[in-house]
>>> print(open('target23.txt').read())   # compact mmCIF, C-alpha atoms and all ligand atoms
# COMPACT_ATOMS: atom_id res chain seq x y z
CA MET R 1 54.91 118.76 207.11
CA ASN R 2 57.41 116.07 206.24
CA ASN R 3 60.54 116.81 204.21
CA PHE R 4 60.19 116.23 200.49
CA GLU R 5 61.91 116.44 197.12
CA PHE R 6 59.94 117.06 193.94
CA HIS R 7 60.95 116.70 190.33
CA ASN R 8 58.45 116.20 187.53
CA PRO R 9 60.03 116.56 184.10
CA THR R 10 56.93 115.90 181.95
CA LYS R 11 56.05 118.74 179.60
CA LEU R 12 52.27 119.18 179.40
CA ILE R 13 50.59 120.63 176.34
CA PHE R 14 46.96 121.25 177.17
CA GLY R 15 44.06 122.42 175.05
CA LYS R 16 42.04 122.33 171.87
CA ASP R 17 43.73 121.02 168.68
CA GLN R 18 47.13 120.59 170.30
CA ILE R 19 47.84 117.12 168.85
CA SER R 20 49.36 118.78 165.79
CA ASN R 21 52.24 119.90 168.05
CA ILE R 22 53.77 116.42 168.17
CA PRO R 23 56.61 117.20 165.71
CA ASN R 24 57.89 119.95 168.02
CA GLU R 25 58.38 117.38 170.74
CA ILE R 26 59.84 114.27 169.08
CA PRO R 27 63.44 114.63 167.88
CA ALA R 28 63.68 114.75 164.06
CA ASN R 29 64.85 111.49 162.45
CA SER R 30 63.47 109.42 165.32
CA LYS R 31 62.13 105.99 164.52
CA VAL R 32 58.81 106.00 166.30
CA LEU R 33 56.69 103.16 167.67
CA LEU R 34 53.07 104.34 167.61
CA ALA R 35 51.37 102.39 170.40
CA TYR R 36 47.61 102.32 170.91
CA GLY R 37 44.76 100.22 172.26
CA GLY R 38 41.80 98.39 170.78
CA GLY R 39 40.94 100.91 168.09
CA SER R 40 38.89 103.71 169.69
CA ILE R 41 41.38 106.19 168.21
CA LYS R 42 40.49 105.05 164.71
CA LYS R 43 36.81 105.87 165.29
CA ASN R 44 37.15 109.28 166.93
CA GLY R 45 39.64 110.93 164.60
CA VAL R 46 42.60 110.93 167.02
CA TYR R 47 44.50 108.38 164.91
CA ASP R 48 44.18 110.54 161.79
CA GLN R 49 45.43 113.60 163.66
CA VAL R 50 48.42 111.64 164.98
CA ILE R 51 49.32 110.12 161.60
CA ASN R 52 49.08 113.53 160.02
CA ALA R 53 51.38 115.04 162.65
CA LEU R 54 53.88 112.19 162.29
CA LYS R 55 54.21 112.32 158.49
CA GLU R 56 57.89 113.29 158.57
CA TYR R 57 58.81 110.32 160.79
CA LYS R 58 59.41 106.66 160.12
CA ILE R 59 56.72 104.95 162.19
CA THR R 60 55.88 101.40 163.15
CA GLU R 61 52.39 100.81 164.50
CA PHE R 62 51.66 98.64 167.49
CA GLY R 63 47.92 98.44 168.24
CA GLY R 64 45.97 96.08 170.47
CA ILE R 65 47.22 97.02 173.94
CA GLU R 66 44.38 95.83 176.17
CA PRO R 67 42.73 97.58 179.11
CA ASN R 68 44.88 96.49 182.07
CA PRO R 69 47.76 95.97 179.65
CA HIS R 70 49.02 92.44 179.31
CA TYR R 71 52.66 91.63 179.87
CA GLU R 72 52.40 89.03 177.11
CA THR R 73 51.30 91.68 174.57
CA LEU R 74 53.82 94.27 175.71
CA MET R 75 56.69 91.83 175.26
CA LYS R 76 55.77 91.59 171.56
CA ALA R 77 56.39 95.34 171.28
CA VAL R 78 59.69 94.96 173.11
CA LYS R 79 60.79 92.47 170.46
CA ILE R 80 59.76 94.77 167.59
CA ILE R 81 61.62 97.75 169.08
CA ARG R 82 64.79 95.73 169.58
CA GLU R 83 64.64 94.31 166.05
CA GLU R 84 63.86 97.59 164.30
CA GLY R 85 66.09 99.91 166.33
CA ILE R 86 63.17 102.14 167.30
CA ASP R 87 64.23 105.01 169.54
CA PHE R 88 61.02 106.82 170.53
CA ILE R 89 57.57 105.59 171.57
CA LEU R 90 54.33 107.53 171.26
CA ALA R 91 51.51 106.22 173.45
CA VAL R 92 48.05 107.20 172.21
CA GLY R 93 45.34 106.14 174.64
CA GLY R 94 44.25 105.91 178.25
CA GLY R 95 46.11 104.72 181.32
CA SER R 96 46.49 101.20 179.93
CA VAL R 97 48.30 102.22 176.75
CA ILE R 98 50.47 104.72 178.64
CA ASP R 99 51.32 102.24 181.41
CA GLY R 100 52.03 99.59 178.78
CA VAL R 101 54.42 101.96 177.03
CA LYS R 102 56.21 102.73 180.30
CA PHE R 103 56.84 99.04 180.78
CA ILE R 104 57.98 98.59 177.16
CA SER R 105 60.29 101.59 177.55
CA ALA R 106 61.91 100.02 180.62
CA ALA R 107 61.96 96.44 179.28
CA VAL R 108 63.73 97.14 175.95
CA PRO R 109 67.16 98.02 177.47
CA PHE R 110 66.67 95.78 180.54
CA LYS R 111 69.78 93.66 181.02
CA GLY R 112 68.30 90.88 183.20
CA ASP R 113 66.96 87.60 181.82
CA ASN R 114 63.33 88.23 182.61
CA PRO R 115 61.69 91.69 182.31
CA TRP R 116 58.80 90.51 184.53
CA ASP R 117 61.33 90.92 187.38
CA ILE R 118 60.96 94.70 186.95
CA LEU R 119 57.47 94.21 188.38
CA SER R 120 57.73 91.14 190.57
CA LYS R 121 61.07 92.01 192.18
CA GLY R 122 60.46 95.76 192.35
CA LEU R 123 63.47 96.67 190.19
CA GLY R 124 62.01 99.97 188.98
CA LYS R 125 64.29 102.16 191.06
CA GLN R 126 67.37 100.28 189.84
CA LEU R 127 66.74 100.83 186.13
CA THR R 128 69.51 102.77 184.40
CA GLU R 129 68.02 103.17 180.92
CA ALA R 130 64.61 103.56 179.28
CA ILE R 131 63.43 104.38 175.76
CA PRO R 132 62.04 107.95 175.70
CA PHE R 133 58.31 108.28 175.10
CA GLY R 134 55.51 110.82 174.86
CA THR R 135 51.76 110.46 175.25
CA ILE R 136 48.52 111.63 173.68
CA LEU R 137 45.96 111.13 176.44
CA THR R 138 42.50 109.99 175.35
CA LEU R 139 40.95 109.14 178.74
CA PRO R 140 41.34 111.31 181.84
CA ALA R 141 41.56 109.06 184.89
CA THR R 142 44.88 107.63 185.97
CA GLY R 143 47.31 110.56 185.89
CA SER R 144 49.73 108.25 184.09
CA GLU R 145 50.34 111.04 181.55
CA MET R 146 52.27 113.00 184.19
CA ASN R 147 53.71 110.40 186.53
CA SER R 148 56.30 107.64 186.45
CA GLY R 149 54.19 104.70 187.60
CA SER R 150 52.81 101.78 185.61
CA VAL R 151 50.61 98.76 186.33
CA VAL R 152 50.87 95.61 184.23
CA THR R 153 48.82 92.39 184.21
CA ARG R 154 50.19 88.91 183.57
CA VAL R 155 47.37 86.81 182.20
CA GLU R 156 49.16 83.51 182.72
CA THR R 157 49.28 83.95 186.51
CA GLN R 158 46.37 86.42 187.01
CA GLU R 159 48.76 88.90 188.62
CA LYS R 160 48.59 92.69 188.37
CA LEU R 161 51.70 94.47 189.64
CA ALA R 162 53.03 98.03 189.64
CA PHE R 163 56.46 99.56 189.15
CA GLY R 164 57.81 103.07 189.00
CA SER R 165 61.05 104.66 187.87
CA PRO R 166 62.23 108.26 187.52
CA LEU R 167 63.15 107.24 183.94
CA CYS R 168 59.51 106.53 183.15
CA PHE R 169 58.06 110.02 183.14
CA PRO R 170 56.68 110.88 179.69
CA LYS R 171 58.87 113.44 177.88
CA PHE R 172 55.65 115.22 176.96
CA SER R 173 51.92 114.66 177.17
CA ILE R 174 49.30 116.27 174.98
CA LEU R 175 45.89 116.74 176.62
CA ASP R 176 43.16 117.83 174.24
CA PRO R 177 39.85 117.73 176.16
CA GLN R 178 37.97 117.22 172.87
CA VAL R 179 38.99 113.52 173.02
CA ILE R 180 36.48 113.10 175.83
CA SER R 181 33.51 113.52 173.49
CA SER R 182 33.80 109.91 172.28
CA LEU R 183 34.15 108.34 175.73
CA PRO R 184 31.40 105.94 176.81
CA GLU R 185 29.65 106.85 180.10
CA ARG R 186 31.28 103.88 181.78
CA GLN R 187 34.76 105.28 181.15
CA ILE R 188 33.84 108.81 182.23
CA ALA R 189 32.41 107.46 185.50
CA ASN R 190 35.55 105.36 185.93
CA GLY R 191 37.75 108.40 185.35
CA VAL R 192 35.97 110.51 187.96
CA THR R 193 36.09 107.66 190.48
CA ASP R 194 39.75 106.83 189.87
CA ALA R 195 40.89 110.45 190.19
CA PHE R 196 38.66 110.95 193.25
CA THR R 197 40.28 107.95 194.94
CA HIS R 198 43.78 109.10 193.98
CA VAL R 199 43.11 112.27 195.94
CA MET R 200 41.69 110.30 198.87
CA GLU R 201 44.74 107.98 199.02
CA GLN R 202 46.91 111.04 199.62
CA TYR R 203 44.47 113.09 201.73
CA LEU R 204 42.37 110.76 203.85
CA THR R 205 45.10 109.68 206.27
CA TYR R 206 45.84 111.70 209.44
CA PRO R 207 46.46 115.43 209.93
CA ALA R 208 50.03 116.36 208.99
CA ASN R 209 49.96 120.12 209.45
CA ALA R 210 49.79 120.56 205.70
CA PRO R 211 46.89 122.93 205.05
CA LEU R 212 47.98 123.75 201.50
CA GLN R 213 48.12 120.06 200.54
CA ASP R 214 44.69 119.59 202.13
CA ARG R 215 43.17 122.50 200.26
CA ILE R 216 44.63 121.46 196.89
CA ALA R 217 43.20 117.98 197.51
CA GLU R 218 39.82 119.40 198.51
CA GLY R 219 39.84 121.68 195.46
CA ILE R 220 40.28 118.67 193.19
CA LEU R 221 37.53 116.72 195.00
CA HIS R 222 35.11 119.64 194.69
CA THR R 223 35.95 120.07 191.02
CA LEU R 224 35.40 116.36 190.29
CA ILE R 225 32.07 116.41 192.16
CA GLU R 226 30.92 119.49 190.23
CA GLU R 227 32.34 118.83 186.77
CA GLY R 228 32.15 115.00 186.62
CA PRO R 229 28.34 114.85 186.37
CA LYS R 230 28.37 117.61 183.73
CA VAL R 231 30.75 115.57 181.56
CA LEU R 232 28.63 112.46 182.07
CA LYS R 233 25.56 114.38 180.94
CA ASP R 234 27.29 115.95 177.96
CA PRO R 235 30.79 114.81 176.98
CA ASN R 236 30.83 117.61 174.38
CA ASN R 237 30.78 120.24 177.15
CA TYR R 238 34.32 121.49 176.50
CA ASN R 239 34.64 123.55 179.68
CA ALA R 240 33.55 120.71 181.92
CA ALA R 241 35.73 118.26 179.99
CA SER R 242 38.77 120.55 180.41
CA ASN R 243 38.32 120.86 184.15
CA PHE R 244 37.73 117.13 184.51
CA MET R 245 40.86 116.35 182.50
CA TRP R 246 43.07 118.73 184.46
CA SER R 247 41.68 117.44 187.78
CA CYS R 248 42.61 113.88 186.85
CA THR R 249 46.19 114.88 185.99
CA MET R 250 46.56 116.95 189.16
CA ALA R 251 45.25 114.08 191.27
CA LEU R 252 48.27 111.92 190.54
CA ASN R 253 51.19 113.97 189.24
CA GLY R 254 53.08 113.87 192.53
CA ILE R 255 52.01 117.21 193.98
CA LEU R 256 49.41 115.98 196.46
CA ARG R 257 51.76 113.59 198.22
CA LEU R 258 54.42 116.18 199.03
CA GLY R 259 55.07 116.44 202.74
CA VAL R 260 52.14 114.24 203.79
CA PRO R 261 51.51 110.56 204.62
CA THR R 262 49.87 108.46 201.92
CA ASP R 263 47.82 105.27 202.04
CA TRP R 264 47.46 103.40 198.66
CA ALA R 265 46.07 100.22 200.27
CA THR R 266 42.75 100.64 198.43
CA HIS R 267 44.73 100.43 195.18
CA MET R 268 46.77 97.42 196.26
CA ILE R 269 43.64 95.48 197.21
CA GLY R 270 41.72 96.78 194.19
CA HIS R 271 44.39 95.53 191.76
CA GLU R 272 43.70 92.01 193.01
CA LEU R 273 40.00 92.33 192.14
CA THR R 274 40.95 93.36 188.61
CA ALA R 275 43.50 90.55 188.34
CA LEU R 276 41.02 87.92 189.58
CA TYR R 277 37.73 89.07 188.05
CA GLY R 278 38.57 91.70 185.43
CA ILE R 279 36.60 94.40 187.29
CA ASP R 280 37.44 97.88 185.93
CA HIS R 281 40.19 99.52 187.99
CA ALA R 282 38.08 102.45 189.20
CA ARG R 283 35.22 100.18 190.22
CA THR R 284 37.51 98.09 192.42
CA LEU R 285 38.38 101.31 194.26
CA ALA R 286 34.72 102.20 194.80
CA ILE R 287 34.20 98.70 196.22
CA ILE R 288 37.17 98.71 198.59
CA ALA R 289 37.66 102.33 199.70
CA PRO R 290 34.53 102.80 201.85
CA ASN R 291 35.13 99.57 203.75
CA LEU R 292 38.80 100.34 204.19
CA TYR R 293 37.80 103.68 205.73
CA ARG R 294 35.48 101.80 208.09
CA VAL R 295 38.02 99.16 209.15
CA MET R 296 40.73 101.82 209.59
CA PHE R 297 38.24 104.27 211.13
CA ASP R 298 40.36 105.25 214.14
CA ASN R 299 43.39 106.10 211.98
CA LYS R 300 41.32 108.18 209.60
CA LYS R 301 38.67 109.69 211.86
CA ASP R 302 40.13 113.21 212.10
CA LYS R 303 40.49 113.51 208.34
CA LEU R 304 37.09 111.91 207.73
CA ILE R 305 35.54 114.64 209.85
CA GLN R 306 37.44 117.36 207.96
CA TYR R 307 36.55 115.77 204.61
CA GLY R 308 32.87 115.43 205.61
CA GLU R 309 32.66 119.06 206.64
CA ARG R 310 34.64 120.66 203.81
CA ILE R 311 33.43 118.46 200.94
CA TRP R 312 29.94 117.40 201.96
CA GLY R 313 28.96 120.12 204.45
CA ILE R 314 28.49 117.67 207.35
CA THR R 315 28.57 119.64 210.60
CA GLU R 316 26.01 117.87 212.79
CA GLY R 317 26.33 114.88 215.10
CA SER R 318 29.06 113.27 217.19
CA ASP R 319 32.54 112.86 215.73
CA ASP R 320 31.84 109.20 214.97
CA GLU R 321 28.55 110.04 213.25
CA ARG R 322 30.14 112.79 211.18
CA ALA R 323 32.95 110.49 210.05
CA GLU R 324 30.54 107.66 209.19
CA ASN R 325 28.26 110.07 207.31
CA ALA R 326 31.24 111.21 205.25
CA ILE R 327 31.76 107.59 204.18
CA ILE R 328 28.06 107.23 203.34
CA LYS R 329 28.22 110.40 201.20
CA THR R 330 31.22 108.97 199.33
CA VAL R 331 29.33 105.78 198.52
CA GLU R 332 26.31 107.80 197.40
CA PHE R 333 28.55 109.81 195.10
CA PHE R 334 29.90 106.64 193.46
CA HIS R 335 26.33 105.34 193.07
CA SER R 336 25.27 108.66 191.50
CA LEU R 337 27.89 108.02 188.81
CA GLY R 338 26.36 104.60 188.12
CA ILE R 339 29.12 102.68 189.93
CA GLN R 340 28.24 99.64 192.00
CA THR R 341 30.14 99.15 195.24
CA LYS R 342 29.91 95.42 196.10
CA ILE R 343 32.05 92.60 194.70
CA SER R 344 28.92 90.43 194.38
CA GLU R 345 27.47 92.97 191.93
CA TYR R 346 30.32 92.13 189.53
CA THR R 347 30.87 88.39 189.98
CA ASP R 348 29.06 85.40 191.51
CA ASP R 349 32.31 83.65 192.22
CA TYR R 350 33.61 85.78 195.08
CA GLN R 351 33.51 83.52 198.16
CA GLN R 352 37.26 82.71 198.09
CA THR R 353 38.39 86.28 197.38
CA SER R 354 39.64 87.14 200.85
CA ASP R 355 41.58 83.86 201.18
CA ILE R 356 43.29 84.38 197.83
CA ILE R 357 44.21 88.02 198.47
CA VAL R 358 45.44 87.41 202.01
CA LYS R 359 47.64 84.55 200.80
CA ARG R 360 49.09 86.69 198.00
CA PHE R 361 49.86 89.56 200.35
CA GLU R 362 51.49 87.20 202.85
CA ASP R 363 53.58 85.58 200.09
CA ARG R 364 54.74 89.02 198.96
CA GLY R 365 55.59 90.04 202.51
CA TRP R 366 52.98 92.84 202.49
CA LYS R 367 52.45 92.74 206.25
CA GLY R 368 51.50 96.34 206.89
CA LEU R 369 49.98 98.63 204.27
CA GLY R 370 48.54 102.11 204.67
CA GLU R 371 49.74 105.41 206.10
CA LYS R 372 50.63 103.81 209.44
CA ALA R 373 51.77 100.48 207.97
CA ASP R 374 49.16 98.75 210.12
CA ILE R 375 46.77 97.32 207.52
CA THR R 376 47.74 93.71 208.22
CA PRO R 377 46.63 90.76 206.09
CA GLU R 378 43.90 90.13 208.69
CA LYS R 379 42.61 93.68 208.27
CA VAL R 380 42.73 93.17 204.51
CA ARG R 381 40.56 90.08 205.04
CA GLU R 382 38.04 92.12 207.00
CA ILE R 383 37.96 94.87 204.36
CA VAL R 384 37.49 92.40 201.51
CA GLU R 385 34.78 90.41 203.30
CA MET R 386 32.89 93.62 204.15
CA SER R 387 33.00 94.35 200.41
CA TYR R 388 31.24 91.11 199.33
O1 LIG B 401 41.58 100.37 173.80
P1 LIG B 401 40.76 101.40 173.16
O2 LIG B 401 40.06 100.96 171.94
O3 LIG B 401 41.49 102.70 172.98
O4 LIG B 401 39.53 101.72 174.17
C1 LIG B 401 39.72 102.17 175.49
C2 LIG B 401 39.47 101.07 176.52
O5 LIG B 401 38.58 100.11 176.05
C3 LIG B 401 38.64 103.17 175.80
N1 LIG B 401 38.98 104.54 175.42
C4 LIG B 401 40.07 105.27 175.76
N2 LIG B 401 39.99 106.51 175.26
C5 LIG B 401 38.83 106.58 174.57
C6 LIG B 401 38.18 105.33 174.67
N3 LIG B 401 36.99 105.08 174.07
C7 LIG B 401 36.43 106.09 173.37
N4 LIG B 401 36.97 107.32 173.27
C8 LIG B 401 38.17 107.61 173.85
N5 LIG B 401 38.68 108.86 173.77
O6 LIG B 401 38.49 103.11 177.22
C9 LIG B 401 38.77 101.78 177.65
C10 LIG B 401 39.57 101.83 178.92
O7 LIG B 401 40.86 102.36 178.68
P2 LIG B 401 42.02 102.22 179.77
O8 LIG B 401 43.22 102.87 179.23
O9 LIG B 401 42.11 100.80 180.23
O10 LIG B 401 41.42 103.05 181.01
P3 LIG B 401 42.14 103.89 182.13
O11 LIG B 401 42.68 105.16 181.59
O12 LIG B 401 41.15 103.96 183.21
O13 LIG B 401 43.40 103.02 182.58
C11 LIG B 401 43.29 101.95 183.47
C12 LIG B 401 44.65 101.32 183.72
O14 LIG B 401 45.54 102.27 184.34
C13 LIG B 401 46.05 101.72 185.57
C14 LIG B 401 44.95 100.80 185.99
O15 LIG B 401 45.37 99.87 186.94
C15 LIG B 401 44.54 100.16 184.68
O16 LIG B 401 45.44 99.13 184.34
N6 LIG B 401 46.41 102.80 186.49
C16 LIG B 401 47.54 103.49 186.25
C17 LIG B 401 48.02 104.44 187.12
C18 LIG B 401 49.27 105.17 186.87
N7 LIG B 401 50.05 104.82 185.87
O17 LIG B 401 49.60 106.10 187.59
C19 LIG B 401 47.33 104.77 188.37
C20 LIG B 401 45.95 104.22 188.45
O18 LIG B 401 45.63 104.06 189.82
C21 LIG B 401 45.74 102.91 187.77
O19 LIG B 401 46.21 101.85 188.58
ZN ZN B 402 43.77 104.44 190.38
>>> encode(input="target23.txt", output="C-alpha cells")
Amino acid sequence: MNNFEFHNPTKLIFGKDQISNIPNEIPANSKVLLAYGGGSIKKNGVYDQVINALKEYKITEFGGIEPNPHYETLMKAVKIIREEGIDFILAVGGGSVIDGVKFISAAVPFKGDNPWDILSKGLGKQLTEAIPFGTILTLPATGSEMNSGSVVTRVETQEKLAFGSPLCFPKFSILDPQVISSLPERQIANGVTDAFTHVMEQYLTYPANAPLQDRIAEGILHTLIEEGPKVLKDPNNYNAASNFMWSCTMALNGILRLGVPTDWATHMIGHELTALYGIDHARTLAIIAPNLYRVMFDNKKDKLIQYGERIWGITEGSDDERAENAIIKTVEFFHSLGIQTKISEYTDDYQQTSDIIVKRFEDRGWKGLGEKADITPEKVREIVEMSY
C-alpha cells in the first residue's frame, strides 16, 4: 500500500425524515442562500420541508442551477452573496447544484480578477477562504455530498473543468433516501453508472497489495449491481434506495483511493463529451470506460481478471479471455440499465470528436493520464474513436 493521509470533515445525517434537522447544523442568525436547480424540489415536497426547517433564518433563494452547472449562472449567485452579506449556503439538489455551490463558495472571497481561473489555472489548492455550506442531497450519484471536488461548465467556450479544495467539503449533508421516489429512471440509471465508474476509477488499475481497498470497492460494486435494478423497478423501495444512496456516497468520499493508484482518465475524457454534446455525465463514462479498458488492457489486465472473477464469476478461459469477458459484462450491465454506450447513439455530429479532444488535452499539457501516466493524447484518440 502507498502512504496516505485522510481527513473528511463532512457530517452525514442519513435516513428517513432527517431534513428537519437543518437548524441544528446551520449557525443561528446566519443569512442563508438557498440554492437549487430547475424546480424538481418544488414538485416532490423537498422544498417545503426545507423552507419549513429554515423558518428562523433570513433566506435568499437562488434557483435555476442547471445540470452541469454553468459558470455564467453561478457568477450571478456570487454577486448576490457579496451584495447581501450572505454567510451560509444550503445546496438542495443533485451533483450539479452541490458542485455549483462549491464553486460559488470558493468564488465569493476569491481575490483574483477572474474566478474562472480557479478552474482553468487549477487554483483550488491555493484557496484560503470559502463560504461555509451544507447540502440536502436529492440524487445519489456523484458523491459530491461528501467530497471536496466540483465540476463547472462554461457555456461560452464549451469547456467543463474540475477543481477541488479542502475548504470545499460540505459542513453537513442530509441524505434522506425518500427523495429517490421522484427520480426519473434516466437519473437513477445515471446514478448507478456514475457511482459504479467512480469505484472502477479507483479499483481497476494494477494490484497494489491493498486487499481491504479492493474488497470495499467490490462490496460497493456488488451492492450497486444488486440494488440498482431494484430501485429502477421501484423507486419507492426504501431499503433498496437507502443502500443505493449510501453506495454512491461511499464510492467517492475519499476512502477508496487511500493507499492505491487511481485512474480518472475516463472522467477527463467523458467531461469533454458533456461539454461538446451535452451527453449526461454518467453516460459519457459508459461510452468511454470499456474502450479505455481495452486500449489500456496490459496495464489493467491483472485487475480485470480479479474484477471478472469476484464481480461477475468469470473463471474460465485464458487470462486475456477472462479480462475481455469482464469488459463485455460491464457493457452488458450498462445496457441492462438502459444506457447506450456509443457516441453515435447520442449525436450525429461526432466525426471531429477525437481531433477536438486531443487538441484540448495537448493545449492543457495533459500528456499522460491514468494510473501510470501513460494515456497519451494518441491513446486518447484511439479510445475516443473506438467509442464512435
Ligand atoms: O434541476 P432539478 O429540477 O432539480 O432536476 C434535476 C436535474 O434535471 C433532477 N433531479 C435531481 N433530484 C431529483 C431530480 N428529479 C426528480 N427528483 C429528484 N429527487 O435530475 C437532473 C440531473 O441532476 P444533476 O444534479 O445534474 O445530476 P447528478 O447528480 O448526476 O450531477 C451531475 C453533475 O455532477 C458532476 C458531473 O460532472 C455533473 O456536472 N460530478 C461531480 C462530481 C463530484 N463533485 O465529486 C463527481 C462526478 O464524477 C461528476 O463529475
Ligand atoms: Zn462521475
>>> closest_residue(input="target23.txt", among="R:Val78, R:Ala251, R:Ile89, R:Ile356", to="ligand LIG 401 (chain B)", atoms="all atoms listed in the file")
R:Ala251
>>> residues_around(input="target23.txt", residues="R:Leu273", least_positions_apart="2", cutoff="12 Å", atoms="all atoms listed in the file", output="VMD selection string")
chain R and resid 68 153 158 to 160 266 to 271 275 to 288 342 to 344 346 to 347 349 to 350 352 to 354 356 to 357 384 387 to 388
>>> residues_around(input="target23.txt", residues="R:Leu74", least_positions_apart="5", cutoff="8 Å", atoms="all atoms listed in the file", output="JSON, numbers by chain")
{"R": [65, 69, 100, 101, 103, 104]}
>>> residues_near_ligand(input="target23.txt", ligand="ligand ZN 402 (chain B)", cutoff="6 Å", atoms="only C-alpha atoms and all ligand atoms", output="count of residues only")
3
>>> closest_residue(input="target23.txt", among="R:Ile118, R:Ala91, R:Ile136, R:Met1", to="R:Ala208", atoms="all atoms listed in the file")
R:Met1
>>> residues_around(input="target23.txt", residues="R:Ile383", least_positions_apart="3", cutoff="8 Å", atoms="all atoms listed in the file", output="JSON, numbers by chain")
{"R": [288, 291, 292, 295, 379, 380, 386, 387]}
>>> write_last_selection(input="target23.txt", atoms="C-alpha atoms", output="compact mmCIF listing (two decimals), in the coordinates of the input")
# COMPACT_ATOMS: atom_id res chain seq x y z
CA ILE R 288 37.17 98.71 198.59
CA ASN R 291 35.13 99.57 203.75
CA LEU R 292 38.80 100.34 204.19
CA VAL R 295 38.02 99.16 209.15
CA LYS R 379 42.61 93.68 208.27
CA VAL R 380 42.73 93.17 204.51
CA MET R 386 32.89 93.62 204.15
CA SER R 387 33.00 94.35 200.41
>>> closest_residue(input="target23.txt", among="R:Leu119, R:Ile41, R:Val32, R:Ile225", to="ligand LIG 401 (chain B)", atoms="only C-alpha atoms and all ligand atoms")
R:Ile41
>>> atom_distance(input="target23.txt", atom1="atom O12 of ligand LIG 401 (chain B)", atom2="atom CA of R:Met296")
26.5 Å
>>> residues_around(input="target23.txt", residues="R:Pro235", least_positions_apart="2", cutoff="9 Å", atoms="all atoms listed in the file", output="number ranges by chain")
R: 178, 180-185, 188, 230-233, 237-238, 240-241
>>> write_last_selection(input="target23.txt", atoms="C-alpha atoms", output="mmCIF file, in the frame of the given file")
data_model
loop_
_atom_site.group_PDB
_atom_site.id
_atom_site.type_symbol
_atom_site.label_atom_id
_atom_site.label_comp_id
_atom_site.auth_asym_id
_atom_site.auth_seq_id
_atom_site.Cartn_x
_atom_site.Cartn_y
_atom_site.Cartn_z
ATOM 1 C CA GLN R 178 37.970 117.220 172.870
ATOM 2 C CA ILE R 180 36.480 113.100 175.830
ATOM 3 C CA SER R 181 33.510 113.520 173.490
ATOM 4 C CA SER R 182 33.800 109.910 172.280
ATOM 5 C CA LEU R 183 34.150 108.340 175.730
ATOM 6 C CA PRO R 184 31.400 105.940 176.810
ATOM 7 C CA GLU R 185 29.650 106.850 180.100
ATOM 8 C CA ILE R 188 33.840 108.810 182.230
ATOM 9 C CA LYS R 230 28.370 117.610 183.730
ATOM 10 C CA VAL R 231 30.750 115.570 181.560
ATOM 11 C CA LEU R 232 28.630 112.460 182.070
ATOM 12 C CA LYS R 233 25.560 114.380 180.940
ATOM 13 C CA ASN R 237 30.780 120.240 177.150
ATOM 14 C CA TYR R 238 34.320 121.490 176.500
ATOM 15 C CA ALA R 240 33.550 120.710 181.920
ATOM 16 C CA ALA R 241 35.730 118.260 179.990
#
>>> residues_around(input="target23.txt", residues="R:Ser148", least_positions_apart="3", cutoff="6 Å", atoms="all atoms listed in the file", output="list of chain:residue names")
R:Gly164, R:Ser165, R:Cys168, R:Phe169
>>> residues_near_point(input="target23.txt", point="(31.1, 110.9, 189.2)", cutoff="8 Å", atoms="only C-alpha atoms", output="ChimeraX atom specification")
/R:188-190,192-193,224-225,228-229,232,333-334,336-338
